[in-house]
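The structure appears below as structure tokens.
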Amino acid sequence: MSLTPKQKKIVKATTGHYVVLAGPGCGKTHMITEKILYIFEKETIPEPYGLLAVTFTDAAARIMRARLRAKGFNQWDRVWVGTFHSFGRYILGCYGSDIGIRDDFEIIELDKRNLILEQIIIKHSIRFPPSEIGSIFDGFKRKGIYPGQGDDYVPSDIREIYKEYNQILRDENLLDFGDLVALAVQLLQKSGLIKRLYTTFFRYVMVDEFQDTDKQQLEMIRLLAEPSIGSTIVGDDDQSIFAFRGALRENVYKIKELLGSTEIVLGQNFRSDGVIVEAAAKVIGFDPKRRDKDIVPVSKERGHIYRYEFNDPDDEAKYVVKWINKILNNMVDDPGDIAIIARTHYRAEWVEQEMDRIGIPWFDRSRLNFQDSWETALGLAILELSHNPSSSLFLYRVLAAVEEGGLAFRLGDEDALDVALEIRDKLKNSENLELDPKKVHKILDAAGMIKIIQKASSGISDAQRRTINLEKMMKDISLEAEKHNIDLFQVIDRFLGHGAIQIISSHQSKGGEFDIVFFIGLEDDVLPDYRAHNSSDKLAEERRIFYVGLTRARNAVYLTSVTHRPKPSWVKNFIPSRFIGHIPDEYFSEVTL
């Protein structure tokens, strides 16, 4: 894939600060990868200094490392690629003692956190459930609020239990997820030496999905990027859909002001056919507060958008599955190229039952209990290799997982191929390995997976967390095989996004792309949510959620709704989402039942 003139301009702008507004499918990951390669090729950053690249998910970080690896990049000791939280964890593990954090801290597990909150609630006769109190505390930390630090406006009863909660964490040498960024920011703010250490080494800063940042993440990047040679901040305020977890859409423009950045808009959509791009522009154009962006399709194909209003969810499921079956027989080879997106997961249950009835494979990623991270990616690759340790394809996938996780460097500068070959040899030398979904732990034990986690993790608590995550993945493998009566390798295929219709929520769809998208359950009290009707800001975010779901499709989108939904002892009536009405009639193709 070649670079567009605008992408080339961004890639070659290696000094100074830039904010890149990148619409859906505009090739931002390709552009970021090429820029990192260009910076090192032109020696913009003098040795031995490096570059910091921050993403929002481990999966996004692995994709970035994979693309760099595919291009022959090998200066891994000078590039740090990871999430905000993993970076915060890293610097707190190294220098947290400067603000009273022991270097052997552990991240509190959700069950233990809820237990602590329950005990505090009972002790103080608080009327809120643990989940709500936990959300309040998370919100404080996203704003950098701690006991005695910016908490003047907090009601006295909440302030008291917040102080007690944080004291319990400190007494037990624990941090919660929110601490990782907020305390890392405190460290950078309070220790001039530590700030100089990191800003001296990281001479260039790159961040993706900046529209999803909260107040503390904004401050972290400001502190790190301000003294650097330059920065490239990539985001799209039209795709900001995580306000519930503190994301501030306006941060895209705040960072521009704080750093004095130059703004560049990437407006060519490489993903979707013409009518999808044009319809999405009509939908998002209803937001009067947004910055206008001229997004145009690269595809010469027109594509299709269909809409249909059914009587009830049973009818919706029956015909959605009928259409899917027809597509599988005529248009799409891999069911994984088809996605069913729903605002709420329960709306997909009727479709799941109908697919079960006629035998179409489906996979609901929301039901997984493990987090997508390097240890699970490597674990899945090892399980594939165990099927045939002599397979060069499966060996390559293990090698890719080692490299994309940055594991060779973490294992002591070992060559990634040597690590992969050692894993293969252990599997070859192991006797009686059963390819049983319920016994995958024996395969991973034979491959030395636990020792890899222990050596590659940043500390004891990090190794424990990754081990628990791997155990959750193994349990999910067993459950998925049992639920659908499939073998180990069919499960792995599904976990990798192949072989089954992908069922995802509208929030989970962010970052994905599919040939065909079925966006179901689009009633006006569902999307937009009924609680957003009287709030212009909430309504605007609901519109962005619809926009994100619509723009996941390459070739065709089906937008469906129902007029009646059965409830216990009554039936509720609905009208189609107003967002469907934002799309001109002439954009819709005729659909047959």
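How things are named: the first chain in the structure tokens is A, the next is B, and so on; residues count from 1 in each chain; ligands count from 1 in the order shown.
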
Backbone-only DSSP, alpha helix (DSSP H) members of region 158-188 of chain A, as a list of chain:residue names: A:Ile158, A:Arg159, A:Glu160, A:Ile161, A:Tyr162, A:Lys163, A:Glu164, A:Tyr165, A:Asn166, A:Gln167, A:Ile168, A:Leu169, A:Arg170, A:Asp171, A:Phe177, A:Gly178, A:Asp179, A:Leu180, A:Val181, A:Ala182, A:Leu183, A:Ala184, A:Val185, A:Gln186, A:Leu187, A:Leu188

Strand (DSSP E) positions in region 477-514 of chain A, given as a list in words: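 Assigned to strand (DSSP E), within region 477-514 of chain A: Ile501, Gln502, Ile503, Ile504, Ser505 and Phe514 of chain A.
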
d(CA of Lys428 (chain A), CA of Asp487 (chain A)) in Å: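 Value for the CA of Lys428 (chain A)-CA of Asp487 (chain A) distance: 21.1 Å.
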
Give me the residues near Glu106 (chain A) as a PDB file with N, CA and C atoms, in the first residue's frame, where near means some atom within 12 Å (using only C-alpha atoms) and where sequence neighbours in that chain fewer than 5 positions away do not count.
```pdb
ATOM      1  N   ARG A  89       2.492   1.616  34.266  1.00  0.00           N
ATOM      2  CA  ARG A  89       2.963   0.517  35.111  1.00  0.00           C
ATOM      3  C   ARG A  89       4.483   0.400  35.040  1.00  0.00           C
ATOM      4  N   LEU A  92       6.202   3.374  36.956  1.00  0.00           N
ATOM      5  CA  LEU A  92       5.972   3.241  38.400  1.00  0.00           C
ATOM      6  C   LEU A  92       6.785   2.091  38.971  1.00  0.00           C
ATOM      7  N   GLY A  93       6.919   1.007  38.193  1.00  0.00           N
ATOM      8  CA  GLY A  93       7.734  -0.114  38.638  1.00  0.00           C
ATOM      9  C   GLY A  93       9.203   0.245  38.751  1.00  0.00           C
ATOM     10  N   ILE A 101       5.497   4.693  46.124  1.00  0.00           N
ATOM     11  CA  ILE A 101       4.970   3.438  45.579  1.00  0.00           C
ATOM     12  C   ILE A 101       6.103   2.416  45.541  1.00  0.00           C
ATOM     13  N   LEU A 169      -5.442   0.091  49.890  1.00  0.00           N
ATOM     14  CA  LEU A 169      -4.576  -0.299  48.770  1.00  0.00           C
ATOM     15  C   LEU A 169      -3.111  -0.087  49.110  1.00  0.00           C
ATOM     16  N   ARG A 170      -2.797   1.061  49.692  1.00  0.00           N
ATOM     17  CA  ARG A 170      -1.391   1.331  50.018  1.00  0.00           C
ATOM     18  C   ARG A 170      -0.881   0.360  51.082  1.00  0.00           C
ATOM     19  N   ASP A 171      -1.711   0.099  52.100  1.00  0.00           N
ATOM     20  CA  ASP A 171      -1.288  -0.807  53.167  1.00  0.00           C
ATOM     21  C   ASP A 171      -0.982  -2.197  52.625  1.00  0.00           C
ATOM     22  N   GLU A 172      -1.713  -2.611  51.588  1.00  0.00           N
ATOM     23  CA  GLU A 172      -1.525  -3.952  51.024  1.00  0.00           C
ATOM     24  C   GLU A 172      -0.655  -3.930  49.768  1.00  0.00           C
ATOM     25  N   ASN A 173      -0.017  -2.774  49.505  1.00  0.00           N
ATOM     26  CA  ASN A 173       0.877  -2.621  48.349  1.00  0.00           C
ATOM     27  C   ASN A 173       0.169  -2.941  47.038  1.00  0.00           C
ATOM     28  N   LEU A 174      -1.036  -2.401  46.881  1.00  0.00           N
ATOM     29  CA  LEU A 174      -1.855  -2.628  45.702  1.00  0.00           C
ATOM     30  C   LEU A 174      -2.105  -1.317  44.963  1.00  0.00           C
ATOM     31  N   LEU A 175      -2.252  -1.410  43.664  1.00  0.00           N
ATOM     32  CA  LEU A 175      -2.740  -0.296  42.843  1.00  0.00           C
ATOM     33  C   LEU A 175      -3.940  -0.797  42.059  1.00  0.00           C
ATOM     34  N   ASP A 176      -4.882   0.093  41.788  1.00  0.00           N
ATOM     35  CA  ASP A 176      -5.949  -0.292  40.872  1.00  0.00           C
ATOM     36  C   ASP A 176      -5.622   0.248  39.487  1.00  0.00           C
ATOM     37  N   PHE A 177      -6.463  -0.096  38.525  1.00  0.00           N
ATOM     38  CA  PHE A 177      -6.162   0.235  37.132  1.00  0.00           C
ATOM     39  C   PHE A 177      -6.011   1.741  36.937  1.00  0.00           C
ATOM     40  N   ASP A 179      -4.917   3.927  38.997  1.00  0.00           N
ATOM     41  CA  ASP A 179      -3.673   4.450  39.563  1.00  0.00           C
ATOM     42  C   ASP A 179      -2.535   4.469  38.551  1.00  0.00           C
ATOM     43  N   LEU A 180      -2.557   3.530  37.606  1.00  0.00           N
ATOM     44  CA  LEU A 180      -1.397   3.346  36.730  1.00  0.00           C
ATOM     45  C   LEU A 180      -1.076   4.599  35.933  1.00  0.00           C
ATOM     46  N   SER A 458       7.168  -7.680  33.790  1.00  0.00           N
ATOM     47  CA  SER A 458       7.915  -6.589  34.413  1.00  0.00           C
ATOM     48  C   SER A 458       8.055  -6.738  35.916  1.00  0.00           C
ATOM     49  N   GLY A 459       7.513  -7.802  36.476  1.00  0.00           N
ATOM     50  CA  GLY A 459       7.625  -8.036  37.913  1.00  0.00           C
ATOM     51  C   GLY A 459       6.748  -9.201  38.322  1.00  0.00           C
ATOM     52  N   ILE A 460       6.777  -9.509  39.621  1.00  0.00           N
ATOM     53  CA  ILE A 460       6.005 -10.646  40.127  1.00  0.00           C
ATOM     54  C   ILE A 460       4.517 -10.443  39.905  1.00  0.00           C
ATOM     55  N   SER A 461       4.018  -9.236  40.214  1.00  0.00           N
ATOM     56  CA  SER A 461       2.575  -8.993  40.081  1.00  0.00           C
ATOM     57  C   SER A 461       2.147  -9.027  38.621  1.00  0.00           C
ATOM     58  N   ASP A 462       3.002  -8.517  37.726  1.00  0.00           N
ATOM     59  CA  ASP A 462       2.692  -8.552  36.297  1.00  0.00           C
ATOM     60  C   ASP A 462       2.638 -10.002  35.818  1.00  0.00           C
ATOM     61  N   ALA A 463       3.581 -10.823  36.275  1.00  0.00           N
ATOM     62  CA  ALA A 463       3.585 -12.245  35.886  1.00  0.00           C
ATOM     63  C   ALA A 463       2.338 -12.954  36.406  1.00  0.00           C
ATOM     64  N   GLN A 464       1.924 -12.630  37.629  1.00  0.00           N
ATOM     65  CA  GLN A 464       0.717 -13.243  38.188  1.00  0.00           C
ATOM     66  C   GLN A 464      -0.512 -12.854  37.382  1.00  0.00           C
ATOM     67  N   ARG A 465      -0.585 -11.594  37.038  1.00  0.00           N
ATOM     68  CA  ARG A 465      -1.735 -11.112  36.261  1.00  0.00           C
ATOM     69  C   ARG A 465      -1.804 -11.802  34.902  1.00  0.00           C
ATOM     70  N   ARG A 466      -0.665 -11.941  34.245  1.00  0.00           N
ATOM     71  CA  ARG A 466      -0.643 -12.574  32.925  1.00  0.00           C
ATOM     72  C   ARG A 466      -0.929 -14.077  33.019  1.00  0.00           C
TER      73      ARG A 466
END
```

Shell of 9 Å around region 389-397 of chain A, only C-alpha atoms, local chain residues under 3 positions omitted, as a ChimeraX atom specification: /A:378,381-382,384-386,400-402,417,420-421,424-425,427-428

Point-to-point distance in Å for CA of Asn469 (chain A) and CA of Phe363 (chain A):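 For CA of Phe363 (chain A) relative to CA of Asn469 (chain A), the distance reads 19.8 Å.
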
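Of the residues under consideration (A:Gln371, A:Thr344, A:Ser589, A:Asn251), A:Thr344 shows the shortest atom-to-atom contact distance to Ser506 (chain A) when counting only C-alpha atoms.
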
Please list as a PDB file with N, CA, C and O atoms, in the first residue's frame every residue within 12 Å of Met64 (chain A), counting only C-alpha atoms and excluding residues in the same chain fewer than 5 positions away.
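Result written to around14.pdb:
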```
ATOM      1  N   LYS A  28      -4.502   5.135   8.926  1.00  0.00           N
ATOM      2  CA  LYS A  28      -3.656   5.770   9.935  1.00  0.00           C
ATOM      3  C   LYS A  28      -2.588   4.818  10.483  1.00  0.00           C
ATOM      4  O   LYS A  28      -1.452   5.250  10.727  1.00  0.00           O
ATOM      5  N   THR A  29      -2.930   3.528  10.657  1.00  0.00           N
ATOM      6  CA  THR A  29      -1.940   2.584  11.187  1.00  0.00           C
ATOM      7  C   THR A  29      -0.789   2.420  10.211  1.00  0.00           C
ATOM      8  O   THR A  29       0.383   2.377  10.600  1.00  0.00           O
ATOM      9  N   HIS A  30      -1.106   2.350   8.923  1.00  0.00           N
ATOM     10  CA  HIS A  30      -0.071   2.275   7.885  1.00  0.00           C
ATOM     11  C   HIS A  30       0.801   3.525   7.931  1.00  0.00           C
ATOM     12  O   HIS A  30       2.037   3.435   7.871  1.00  0.00           O
ATOM     13  N   MET A  31       0.169   4.676   8.073  1.00  0.00           N
ATOM     14  CA  MET A  31       0.908   5.933   8.118  1.00  0.00           C
ATOM     15  C   MET A  31       1.810   6.008   9.346  1.00  0.00           C
ATOM     16  O   MET A  31       2.974   6.423   9.257  1.00  0.00           O
ATOM     17  N   ILE A  32       1.296   5.598  10.516  1.00  0.00           N
ATOM     18  CA  ILE A  32       2.097   5.631  11.740  1.00  0.00           C
ATOM     19  C   ILE A  32       3.312   4.712  11.602  1.00  0.00           C
ATOM     20  O   ILE A  32       4.433   5.085  11.961  1.00  0.00           O
ATOM     21  N   THR A  33       3.093   3.510  11.063  1.00  0.00           N
ATOM     22  CA  THR A  33       4.190   2.564  10.870  1.00  0.00           C
ATOM     23  C   THR A  33       5.259   3.151   9.958  1.00  0.00           C
ATOM     24  O   THR A  33       6.464   3.095  10.264  1.00  0.00           O
ATOM     25  N   GLU A  34       4.836   3.719   8.848  1.00  0.00           N
ATOM     26  CA  GLU A  34       5.795   4.291   7.893  1.00  0.00           C
ATOM     27  C   GLU A  34       6.550   5.465   8.510  1.00  0.00           C
ATOM     28  O   GLU A  34       7.724   5.676   8.216  1.00  0.00           O
ATOM     29  N   LYS A  35       5.888   6.216   9.366  1.00  0.00           N
ATOM     30  CA  LYS A  35       6.573   7.354   9.984  1.00  0.00           C
ATOM     31  C   LYS A  35       7.651   6.888  10.952  1.00  0.00           C
ATOM     32  O   LYS A  35       8.748   7.466  10.990  1.00  0.00           O
ATOM     33  N   ILE A  36       7.358   5.861  11.739  1.00  0.00           N
ATOM     34  CA  ILE A  36       8.372   5.334  12.650  1.00  0.00           C
ATOM     35  C   ILE A  36       9.583   4.841  11.864  1.00  0.00           C
ATOM     36  O   ILE A  36      10.737   5.132  12.202  1.00  0.00           O
ATOM     37  N   LEU A  37       9.335   4.110  10.774  1.00  0.00           N
ATOM     38  CA  LEU A  37      10.432   3.625   9.936  1.00  0.00           C
ATOM     39  C   LEU A  37      11.245   4.783   9.359  1.00  0.00           C
ATOM     40  O   LEU A  37      12.480   4.753   9.339  1.00  0.00           O
ATOM     41  N   ALA A  53       5.609   5.139  21.397  1.00  0.00           N
ATOM     42  CA  ALA A  53       4.360   5.007  20.638  1.00  0.00           C
ATOM     43  C   ALA A  53       3.296   4.443  21.568  1.00  0.00           C
ATOM     44  O   ALA A  53       3.447   3.329  22.082  1.00  0.00           O
ATOM     45  N   VAL A  54       2.230   5.206  21.791  1.00  0.00           N
ATOM     46  CA  VAL A  54       1.209   4.837  22.761  1.00  0.00           C
ATOM     47  C   VAL A  54      -0.090   4.490  22.044  1.00  0.00           C
ATOM     48  O   VAL A  54      -0.549   5.233  21.164  1.00  0.00           O
ATOM     49  N   THR A  55      -0.676   3.364  22.429  1.00  0.00           N
ATOM     50  CA  THR A  55      -1.949   2.923  21.869  1.00  0.00           C
ATOM     51  C   THR A  55      -2.935   2.704  23.016  1.00  0.00           C
ATOM     52  O   THR A  55      -2.585   2.862  24.188  1.00  0.00           O
ATOM     53  N   PHE A  56      -4.168   2.317  22.679  1.00  0.00           N
ATOM     54  CA  PHE A  56      -5.173   2.113  23.720  1.00  0.00           C
ATOM     55  C   PHE A  56      -5.384   0.652  24.079  1.00  0.00           C
ATOM     56  O   PHE A  56      -5.933   0.351  25.131  1.00  0.00           O
ATOM     57  N   THR A  57      -4.976  -0.256  23.245  1.00  0.00           N
ATOM     58  CA  THR A  57      -5.157  -1.675  23.537  1.00  0.00           C
ATOM     59  C   THR A  57      -3.880  -2.436  23.228  1.00  0.00           C
ATOM     60  O   THR A  57      -3.074  -2.027  22.378  1.00  0.00           O
ATOM     61  N   ASP A  58      -3.709  -3.558  23.920  1.00  0.00           N
ATOM     62  CA  ASP A  58      -2.574  -4.431  23.623  1.00  0.00           C
ATOM     63  C   ASP A  58      -2.632  -4.931  22.186  1.00  0.00           C
ATOM     64  O   ASP A  58      -1.600  -5.088  21.526  1.00  0.00           O
ATOM     65  N   ALA A  59      -3.863  -5.189  21.704  1.00  0.00           N
ATOM     66  CA  ALA A  59      -4.010  -5.675  20.331  1.00  0.00           C
ATOM     67  C   ALA A  59      -3.481  -4.649  19.335  1.00  0.00           C
ATOM     68  O   ALA A  59      -2.789  -4.989  18.374  1.00  0.00           O
ATOM     69  N   ARG A  69       7.764  -5.080  12.189  1.00  0.00           N
ATOM     70  CA  ARG A  69       8.546  -6.292  11.949  1.00  0.00           C
ATOM     71  C   ARG A  69       8.496  -6.707  10.491  1.00  0.00           C
ATOM     72  O   ARG A  69       9.509  -7.085   9.894  1.00  0.00           O
ATOM     73  N   ALA A  70       7.297  -6.638   9.889  1.00  0.00           N
ATOM     74  CA  ALA A  70       7.136  -7.034   8.492  1.00  0.00           C
ATOM     75  C   ALA A  70       7.950  -6.148   7.553  1.00  0.00           C
ATOM     76  O   ALA A  70       8.326  -6.578   6.454  1.00  0.00           O
ATOM     77  N   LYS A  71       8.227  -4.924   8.008  1.00  0.00           N
ATOM     78  CA  LYS A  71       9.018  -3.995   7.194  1.00  0.00           C
ATOM     79  C   LYS A  71      10.516  -4.096   7.491  1.00  0.00           C
ATOM     80  O   LYS A  71      11.308  -3.318   6.964  1.00  0.00           O
ATOM     81  N   PHE A  73      12.029  -3.747  10.534  1.00  0.00           N
ATOM     82  CA  PHE A  73      12.514  -2.910  11.627  1.00  0.00           C
ATOM     83  C   PHE A  73      13.158  -3.792  12.700  1.00  0.00           C
ATOM     84  O   PHE A  73      12.627  -4.839  13.048  1.00  0.00           O
ATOM     85  N   VAL A  79      12.597   1.655  20.757  1.00  0.00           N
ATOM     86  CA  VAL A  79      11.173   1.956  20.561  1.00  0.00           C
ATOM     87  C   VAL A  79      10.363   1.286  21.663  1.00  0.00           C
ATOM     88  O   VAL A  79      10.545   0.099  21.936  1.00  0.00           O
ATOM     89  N   TRP A  80       9.498   2.053  22.307  1.00  0.00           N
ATOM     90  CA  TRP A  80       8.586   1.483  23.300  1.00  0.00           C
ATOM     91  C   TRP A  80       7.179   1.610  22.734  1.00  0.00           C
ATOM     92  O   TRP A  80       6.683   2.725  22.503  1.00  0.00           O
ATOM     93  N   VAL A  81       6.517   0.487  22.494  1.00  0.00           N
ATOM     94  CA  VAL A  81       5.163   0.462  21.948  1.00  0.00           C
ATOM     95  C   VAL A  81       4.248  -0.196  22.970  1.00  0.00           C
ATOM     96  O   VAL A  81       4.495  -1.342  23.379  1.00  0.00           O
ATOM     97  N   GLY A  82       3.219   0.487  23.399  1.00  0.00           N
ATOM     98  CA  GLY A  82       2.309  -0.108  24.373  1.00  0.00           C
ATOM     99  C   GLY A  82       1.181   0.834  24.727  1.00  0.00           C
ATOM    100  O   GLY A  82       1.028   1.904  24.139  1.00  0.00           O
ATOM    101  N   THR A  83       0.384   0.431  25.709  1.00  0.00           N
ATOM    102  CA  THR A  83      -0.781   1.218  26.109  1.00  0.00           C
ATOM    103  C   THR A  83      -0.394   2.261  27.159  1.00  0.00           C
ATOM    104  O   THR A  83       0.673   2.197  27.772  1.00  0.00           O
ATOM    105  N   MET A 206       4.443   9.391  19.673  1.00  0.00           N
ATOM    106  CA  MET A 206       3.322   9.132  18.771  1.00  0.00           C
ATOM    107  C   MET A 206       2.186   8.517  19.573  1.00  0.00           C
ATOM    108  O   MET A 206       2.415   7.647  20.420  1.00  0.00           O
ATOM    109  N   VAL A 207       0.961   8.978  19.313  1.00  0.00           N
ATOM    110  CA  VAL A 207      -0.212   8.468  20.023  1.00  0.00           C
ATOM    111  C   VAL A 207      -1.329   8.222  19.023  1.00  0.00           C
ATOM    112  O   VAL A 207      -1.574   9.060  18.138  1.00  0.00           O
ATOM    113  N   ASP A 208      -2.009   7.105  19.180  1.00  0.00           N
ATOM    114  CA  ASP A 208      -3.150   6.780  18.321  1.00  0.00           C
ATOM    115  C   ASP A 208      -4.444   6.894  19.131  1.00  0.00           C
ATOM    116  O   ASP A 208      -4.442   6.772  20.357  1.00  0.00           O
ATOM    117  N   GLU A 403       7.601 -11.904  18.310  1.00  0.00           N
ATOM    118  CA  GLU A 403       8.094 -10.600  17.875  1.00  0.00           C
ATOM    119  C   GLU A 403       7.091  -9.484  18.159  1.00  0.00           C
ATOM    120  O   GLU A 403       7.460  -8.390  18.593  1.00  0.00           O
ATOM    121  N   GLU A 404       5.802  -9.764  17.913  1.00  0.00           N
ATOM    122  CA  GLU A 404       4.794  -8.731  18.114  1.00  0.00           C
ATOM    123  C   GLU A 404       4.612  -8.398  19.591  1.00  0.00           C
ATOM    124  O   GLU A 404       4.202  -7.302  19.948  1.00  0.00           O
ATOM    125  N   GLY A 405       4.908  -9.353  20.456  1.00  0.00           N
ATOM    126  CA  GLY A 405       4.853  -9.091  21.893  1.00  0.00           C
ATOM    127  C   GLY A 405       6.138  -8.482  22.427  1.00  0.00           C
ATOM    128  O   GLY A 405       6.223  -8.154  23.609  1.00  0.00           O
ATOM    129  N   GLY A 406       7.132  -8.312  21.560  1.00  0.00           N
ATOM    130  CA  GLY A 406       8.416  -7.774  21.998  1.00  0.00           C
ATOM    131  C   GLY A 406       9.124  -8.693  22.983  1.00  0.00           C
ATOM    132  O   GLY A 406       9.891  -8.254  23.842  1.00  0.00           O
TER     133      GLY A 406
END
```

For the contact check between region 8-95 of chain A and region 261-272 of chain A, emit one row per residue of region 8-95 of chain A within 8 Å, containing the shortest atom pair and the distance in Å rounded to one decimal, counting only C-alpha atoms, chain then rising number order, as a tab-separated table.
```
residue	atom	partner	partner_atom	distance
A:Ile10	CA	A:Ile264	CA	7.9
A:Gly16	CA	A:Ser261	CA	7.3
A:His17	CA	A:Ser261	CA	4.6
A:Tyr18	CA	A:Thr262	CA	4.7
A:Val19	CA	A:Glu263	CA	4.8
A:Val20	CA	A:Ile264	CA	4.9
A:Leu21	CA	A:Val265	CA	4.7
A:Ala22	CA	A:Leu266	CA	4.8
A:Gly23	CA	A:Gly267	CA	6.3
A:Pro24	CA	A:Asn269	CA	6.5
A:Gly25	CA	A:Arg271	CA	4.8
A:Cys26	CA	A:Asn269	CA	4.6
A:Gly27	CA	A:Phe270	CA	6.9
```
